[in-house]
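Engineer: Sharing a structure with you now.
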Amino acid sequence: MIDLFALVAVTALASDGCTDHSTYSFNLAETRLRNVEIVRSEPSGRAERGAFPDGTVVTLSADYCTDPAFDLTMDAPSDAQNIMRLRQVFGQFDRFIDCPIADYDQYDVTLDAVDAALSAGSAYDNDGAAIDTAGSNAIYLSIAPAGDRIAATLRCERQPD
């Protein structure tokens with residue numbers, strides 16, 4: 001009888017386009033992140049935030065009622081380590097949600113363009129196009145100076161199963 005109720009509940013959730021992942025975790029606490037907190041945890045989505053020792057704050061979120069997509073926002077100090085920090089955050093993004101870079105040559109070109117833009121005090125968003133579509137995921141990046149910090153958004157759109 002319990003199995004029947006579980007099946008009905010899963011069917012109801014699937015019918016409105018949502019998958020209940022409210023117990024899912026991005027496991028941010030298992031990395032070097034400090035002060036990890038759950039910002040949102042509900043059947044429609046989840047968000048977790050944490051800070052790296054250098055003051056970089058990241059928030060990882062997913063909405064479960066839309067196409068499979070994950071967003072990571074980054075608020076970080078702006079200094080000579082911008083690109084190294086961004087590379088590390090990209091690596092952690094892949095670790096958290098399994099969204100690897102497929103075209104490393106394009107990735108390097110992109111980060112060179114990001115470095116040039118930030119050095120000039122400008123933003124970079126690749127005109128809204130993905131910076132990597134060579135793999136099974138589309139990866140987007142937008143980044144801009146924000147005073148003495150930088151603000152970035154990384155987005156991974158997975159192909160539906």
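Starting from 1 in every chain, residues are counted up; chains themselves are A, B, ... following the order of the structure tokens, and ligands are numbered from 1 as listed.
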Please provide the set of residues having any atom within 9 Å of region 78-90 of chain A, restricted to only C-alpha atoms, with same-chain residues fewer than 2 positions apart removed, written as a list of chain:residue names.
Structural biologist: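 Surrounding residues, per the criterion: A:Thr56, A:Val58, A:Met74, A:Ala76, A:Gln92, A:Phe93, A:Asp94, A:Arg95, A:Cys99, A:Pro100, A:Ile101, A:Leu111, A:Asp112, A:Val114, A:Asp115, A:Leu118, A:Pro145, A:Ala146, A:Gly147, A:Asp148, A:Arg149, A:Ile150, A:Ala152, A:Leu154.
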Engineer: Just write the chosen residues, N, CA, C and O atoms, as an mmCIF file, in the first residue's frame.
Structural biologist:
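Wrote it out as out.cif, contents follow:
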```cif
data_model
loop_
_atom_site.group_PDB
_atom_site.id
_atom_site.type_symbol
_atom_site.label_atom_id
_atom_site.label_comp_id
_atom_site.auth_asym_id
_atom_site.auth_seq_id
_atom_site.Cartn_x
_atom_site.Cartn_y
_atom_site.Cartn_z
ATOM 1 N N THR A 56 35.959 34.592 -1.555
ATOM 2 C CA THR A 56 35.076 34.318 -2.676
ATOM 3 C C THR A 56 33.829 33.609 -2.155
ATOM 4 O O THR A 56 33.927 32.601 -1.466
ATOM 5 N N VAL A 58 30.302 31.731 -3.201
ATOM 6 C CA VAL A 58 29.592 31.100 -4.312
ATOM 7 C C VAL A 58 28.232 30.610 -3.830
ATOM 8 O O VAL A 58 28.079 30.189 -2.685
ATOM 9 N N MET A 74 29.132 33.873 -8.319
ATOM 10 C CA MET A 74 30.384 34.068 -7.605
ATOM 11 C C MET A 74 30.569 35.545 -7.327
ATOM 12 O O MET A 74 30.424 36.373 -8.224
ATOM 13 N N ALA A 76 33.608 37.695 -5.795
ATOM 14 C CA ALA A 76 34.996 37.463 -5.402
ATOM 15 C C ALA A 76 35.789 38.760 -5.403
ATOM 16 O O ALA A 76 35.429 39.719 -6.092
ATOM 17 N N GLN A 92 35.397 23.427 -9.393
ATOM 18 C CA GLN A 92 34.466 23.064 -8.329
ATOM 19 C C GLN A 92 33.051 22.896 -8.872
ATOM 20 O O GLN A 92 32.327 22.000 -8.449
ATOM 21 N N PHE A 93 32.659 23.749 -9.823
ATOM 22 C CA PHE A 93 31.340 23.649 -10.450
ATOM 23 C C PHE A 93 31.175 22.263 -11.067
ATOM 24 O O PHE A 93 30.161 21.603 -10.867
ATOM 25 N N ASP A 94 32.192 21.803 -11.779
ATOM 26 C CA ASP A 94 32.159 20.459 -12.367
ATOM 27 C C ASP A 94 32.059 19.412 -11.268
ATOM 28 O O ASP A 94 31.272 18.472 -11.348
ATOM 29 N N ARG A 95 32.820 19.590 -10.210
ATOM 30 C CA ARG A 95 32.805 18.624 -9.104
ATOM 31 C C ARG A 95 31.433 18.564 -8.430
ATOM 32 O O ARG A 95 30.946 17.493 -8.092
ATOM 33 N N CYS A 99 29.644 18.877 -14.528
ATOM 34 C CA CYS A 99 29.490 19.691 -15.725
ATOM 35 C C CYS A 99 30.884 20.035 -16.249
ATOM 36 O O CYS A 99 31.376 21.142 -16.054
ATOM 37 N N PRO A 100 31.536 19.069 -16.909
ATOM 38 C CA PRO A 100 32.921 19.295 -17.334
ATOM 39 C C PRO A 100 33.037 20.165 -18.588
ATOM 40 O O PRO A 100 32.142 20.205 -19.423
ATOM 41 N N ILE A 101 34.162 20.851 -18.687
ATOM 42 C CA ILE A 101 34.525 21.562 -19.912
ATOM 43 C C ILE A 101 34.887 20.494 -20.951
ATOM 44 O O ILE A 101 35.619 19.553 -20.647
ATOM 45 N N LEU A 111 38.855 32.450 -21.340
ATOM 46 C CA LEU A 111 39.431 33.034 -20.126
ATOM 47 C C LEU A 111 40.427 34.140 -20.455
ATOM 48 O O LEU A 111 40.556 35.103 -19.692
ATOM 49 N N ASP A 112 41.113 34.042 -21.601
ATOM 50 C CA ASP A 112 41.970 35.152 -22.038
ATOM 51 C C ASP A 112 41.119 36.394 -22.320
ATOM 52 O O ASP A 112 41.489 37.509 -21.946
ATOM 53 N N VAL A 114 38.164 37.032 -20.998
ATOM 54 C CA VAL A 114 37.669 37.484 -19.694
ATOM 55 C C VAL A 114 38.738 38.319 -19.000
ATOM 56 O O VAL A 114 38.447 39.401 -18.470
ATOM 57 N N ASP A 115 39.979 37.850 -19.010
ATOM 58 C CA ASP A 115 41.077 38.565 -18.376
ATOM 59 C C ASP A 115 41.250 39.944 -19.005
ATOM 60 O O ASP A 115 41.391 40.948 -18.294
ATOM 61 N N LEU A 118 38.217 42.191 -17.920
ATOM 62 C CA LEU A 118 38.305 42.637 -16.523
ATOM 63 C C LEU A 118 39.450 43.623 -16.333
ATOM 64 O O LEU A 118 39.311 44.591 -15.586
ATOM 65 N N PRO A 145 33.131 43.495 -13.424
ATOM 66 C CA PRO A 145 33.680 44.134 -12.231
ATOM 67 C C PRO A 145 32.560 44.768 -11.417
ATOM 68 O O PRO A 145 31.559 45.230 -11.973
ATOM 69 N N ALA A 146 32.712 44.737 -10.107
ATOM 70 C CA ALA A 146 31.731 45.345 -9.204
ATOM 71 C C ALA A 146 32.506 46.028 -8.083
ATOM 72 O O ALA A 146 32.696 45.465 -7.007
ATOM 73 N N GLY A 147 33.012 47.214 -8.383
ATOM 74 C CA GLY A 147 33.858 47.908 -7.410
ATOM 75 C C GLY A 147 35.183 47.184 -7.273
ATOM 76 O O GLY A 147 35.853 46.907 -8.263
ATOM 77 N N ASP A 148 35.528 46.829 -6.045
ATOM 78 C CA ASP A 148 36.782 46.097 -5.824
ATOM 79 C C ASP A 148 36.564 44.584 -5.827
ATOM 80 O O ASP A 148 37.396 43.823 -5.357
ATOM 81 N N ARG A 149 35.430 44.154 -6.389
ATOM 82 C CA ARG A 149 35.093 42.731 -6.477
ATOM 83 C C ARG A 149 34.662 42.421 -7.900
ATOM 84 O O ARG A 149 34.501 43.322 -8.714
ATOM 85 N N ILE A 150 34.493 41.161 -8.185
ATOM 86 C CA ILE A 150 33.930 40.744 -9.461
ATOM 87 C C ILE A 150 32.707 39.878 -9.168
ATOM 88 O O ILE A 150 32.650 39.181 -8.164
ATOM 89 N N ALA A 152 30.220 37.028 -11.017
ATOM 90 C CA ALA A 152 30.142 36.124 -12.158
ATOM 91 C C ALA A 152 28.968 35.174 -12.001
ATOM 92 O O ALA A 152 28.545 34.869 -10.883
ATOM 93 N N LEU A 154 27.959 31.378 -13.685
ATOM 94 C CA LEU A 154 28.221 30.229 -14.541
ATOM 95 C C LEU A 154 26.924 29.447 -14.615
ATOM 96 O O LEU A 154 26.246 29.270 -13.595
#
```
Engineer: Would you pick out the contacts of region 132-140 of chain A at 7 Å or less, using only C-alpha atoms, so that residues sharing its chain but fewer than 3 positions from it are not included, and give the list as a ChimeraX atom specification?
Structural biologist: /A:99,101-103,129,154-159
Engineer: Going by DSSP on the backbone, which bits of region 32-73 of chain A are strand (DSSP E or B)? Write them as a list of chain:residue names, please.
Structural biologist: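 Of region 32-73 of chain A, only A:Arg34, A:Asn35, A:Val36, A:Glu37, A:Ile38, A:Val39, A:Arg40, A:Ser41, A:Glu42, A:Gly45, A:Arg46, A:Ala47, A:Glu48, A:Arg49, A:Gly50, A:Ala51, A:Val57, A:Val58, A:Thr59, A:Leu60, A:Ser61, A:Ala62, A:Asp63, A:Ala69, A:Phe70, A:Asp71, A:Leu72, A:Thr73 fall in strand (DSSP E or B).
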Engineer: Using the selection just defined, write its residues with N, CA, C and O atoms as a short mmCIF file (atom, residue, chain, number, x, y, z; two decimals), in the first residue's frame.
Structural biologist:
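Listed below is the output, selection-v1.cif:
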```cif
data_model
loop_
_atom_site.label_atom_id
_atom_site.label_comp_id
_atom_site.auth_asym_id
_atom_site.auth_seq_id
_atom_site.Cartn_x
_atom_site.Cartn_y
_atom_site.Cartn_z
N ARG A 34 33.67 27.43 3.42
CA ARG A 34 33.35 27.67 4.82
C ARG A 34 31.97 28.29 4.91
O ARG A 34 31.45 28.83 3.94
N ASN A 35 31.40 28.26 6.09
CA ASN A 35 30.10 28.89 6.34
C ASN A 35 29.05 28.45 5.33
O ASN A 35 28.28 29.26 4.83
N VAL A 36 29.04 27.17 5.04
CA VAL A 36 28.07 26.64 4.08
C VAL A 36 26.67 26.70 4.69
O VAL A 36 26.48 26.36 5.86
N GLU A 37 25.74 27.19 3.90
CA GLU A 37 24.36 27.26 4.36
C GLU A 37 23.42 26.91 3.22
O GLU A 37 23.73 27.11 2.05
N ILE A 38 22.30 26.36 3.58
CA ILE A 38 21.26 26.07 2.62
C ILE A 38 20.40 27.33 2.52
O ILE A 38 19.85 27.78 3.52
N VAL A 39 20.35 27.91 1.34
CA VAL A 39 19.60 29.13 1.12
C VAL A 39 18.15 28.80 0.79
O VAL A 39 17.24 29.49 1.21
N ARG A 40 17.96 27.72 0.06
CA ARG A 40 16.62 27.30 -0.33
C ARG A 40 16.62 25.79 -0.51
O ARG A 40 17.52 25.24 -1.12
N SER A 41 15.61 25.11 0.02
CA SER A 41 15.45 23.68 -0.17
C SER A 41 13.96 23.38 -0.16
O SER A 41 13.32 23.43 0.88
N GLU A 42 13.43 23.10 -1.33
CA GLU A 42 12.01 22.83 -1.48
C GLU A 42 11.82 21.97 -2.73
O GLU A 42 12.75 21.83 -3.51
N GLY A 45 13.15 23.48 -5.98
CA GLY A 45 14.55 23.83 -6.21
C GLY A 45 15.38 23.87 -4.94
O GLY A 45 14.87 23.70 -3.83
N ARG A 46 16.67 24.10 -5.14
CA ARG A 46 17.61 24.12 -4.02
C ARG A 46 18.70 25.13 -4.32
O ARG A 46 19.09 25.32 -5.46
N ALA A 47 19.21 25.77 -3.27
CA ALA A 47 20.35 26.67 -3.39
C ALA A 47 21.20 26.55 -2.13
O ALA A 47 20.66 26.48 -1.03
N GLU A 48 22.50 26.50 -2.32
CA GLU A 48 23.44 26.44 -1.21
C GLU A 48 24.52 27.49 -1.42
O GLU A 48 24.91 27.75 -2.56
N ARG A 49 25.01 28.07 -0.33
CA ARG A 49 26.03 29.11 -0.40
C ARG A 49 27.18 28.76 0.52
O ARG A 49 26.99 28.17 1.58
N GLY A 50 28.38 29.16 0.11
CA GLY A 50 29.55 28.98 0.93
C GLY A 50 30.64 29.95 0.52
O GLY A 50 30.55 30.58 -0.53
N ALA A 51 31.67 30.08 1.35
CA ALA A 51 32.75 31.01 1.09
C ALA A 51 34.09 30.28 1.10
O ALA A 51 34.33 29.43 1.95
N VAL A 57 32.67 34.15 -2.47
CA VAL A 57 31.40 33.56 -2.05
C VAL A 57 30.72 32.99 -3.28
O VAL A 57 30.59 33.67 -4.31
N VAL A 58 30.30 31.73 -3.20
CA VAL A 58 29.59 31.10 -4.31
C VAL A 58 28.23 30.61 -3.83
O VAL A 58 28.08 30.19 -2.69
N THR A 59 27.27 30.71 -4.72
CA THR A 59 25.94 30.17 -4.47
C THR A 59 25.59 29.27 -5.64
O THR A 59 25.66 29.71 -6.80
N LEU A 60 25.27 28.04 -5.36
CA LEU A 60 24.92 27.07 -6.38
C LEU A 60 23.44 26.78 -6.26
O LEU A 60 22.94 26.53 -5.15
N SER A 61 22.72 26.86 -7.38
CA SER A 61 21.28 26.64 -7.31
C SER A 61 20.78 25.86 -8.52
O SER A 61 21.41 25.84 -9.57
N ALA A 62 19.65 25.22 -8.31
CA ALA A 62 18.97 24.47 -9.37
C ALA A 62 17.47 24.61 -9.15
O ALA A 62 17.01 24.57 -8.01
N ASP A 63 16.76 24.80 -10.23
CA ASP A 63 15.30 24.79 -10.19
C ASP A 63 14.85 23.48 -10.81
O ASP A 63 15.26 23.16 -11.92
N ALA A 69 19.12 22.63 -15.46
CA ALA A 69 20.10 23.72 -15.49
C ALA A 69 20.54 24.03 -14.07
O ALA A 69 19.76 23.97 -13.13
N PHE A 70 21.80 24.37 -13.95
CA PHE A 70 22.39 24.72 -12.66
C PHE A 70 23.09 26.06 -12.81
O PHE A 70 23.75 26.31 -13.82
N ASP A 71 22.96 26.90 -11.81
CA ASP A 71 23.60 28.21 -11.82
C ASP A 71 24.52 28.34 -10.63
O ASP A 71 24.16 27.95 -9.51
N LEU A 72 25.69 28.90 -10.88
CA LEU A 72 26.62 29.21 -9.81
C LEU A 72 26.93 30.70 -9.92
O LEU A 72 27.37 31.16 -10.97
N THR A 73 26.64 31.44 -8.85
CA THR A 73 27.03 32.83 -8.83
C THR A 73 28.26 32.96 -7.94
O THR A 73 28.41 32.23 -6.96
#
```
Engineer: For a test of reading the model, state the distance in Å between CA of Gln106 (chain A) and CA of Asp75 (chain A), rounded to one decimal.
Structural biologist: 23.9 Å
Engineer: Rank nothing, just name the residue among A:Ala151, A:Pro77, A:Asn126, A:Thr66 nearest to Pro53 (chain A), using only C-alpha atoms.
Structural biologist: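 Going through A:Ala151, A:Pro77, A:Asn126, A:Thr66 one by one, the smallest distance to Pro53 (chain A) is for A:Pro77.
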Engineer: Could you work out how far CA of Ala144 (chain A) lies from CA of Ser44 (chain A), giving the answer in Å with one decimal?
Structural biologist: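 Taking CA of Ser44 (chain A) as the start and CA of Ala144 (chain A) as the end point, the length is 29.1 Å.
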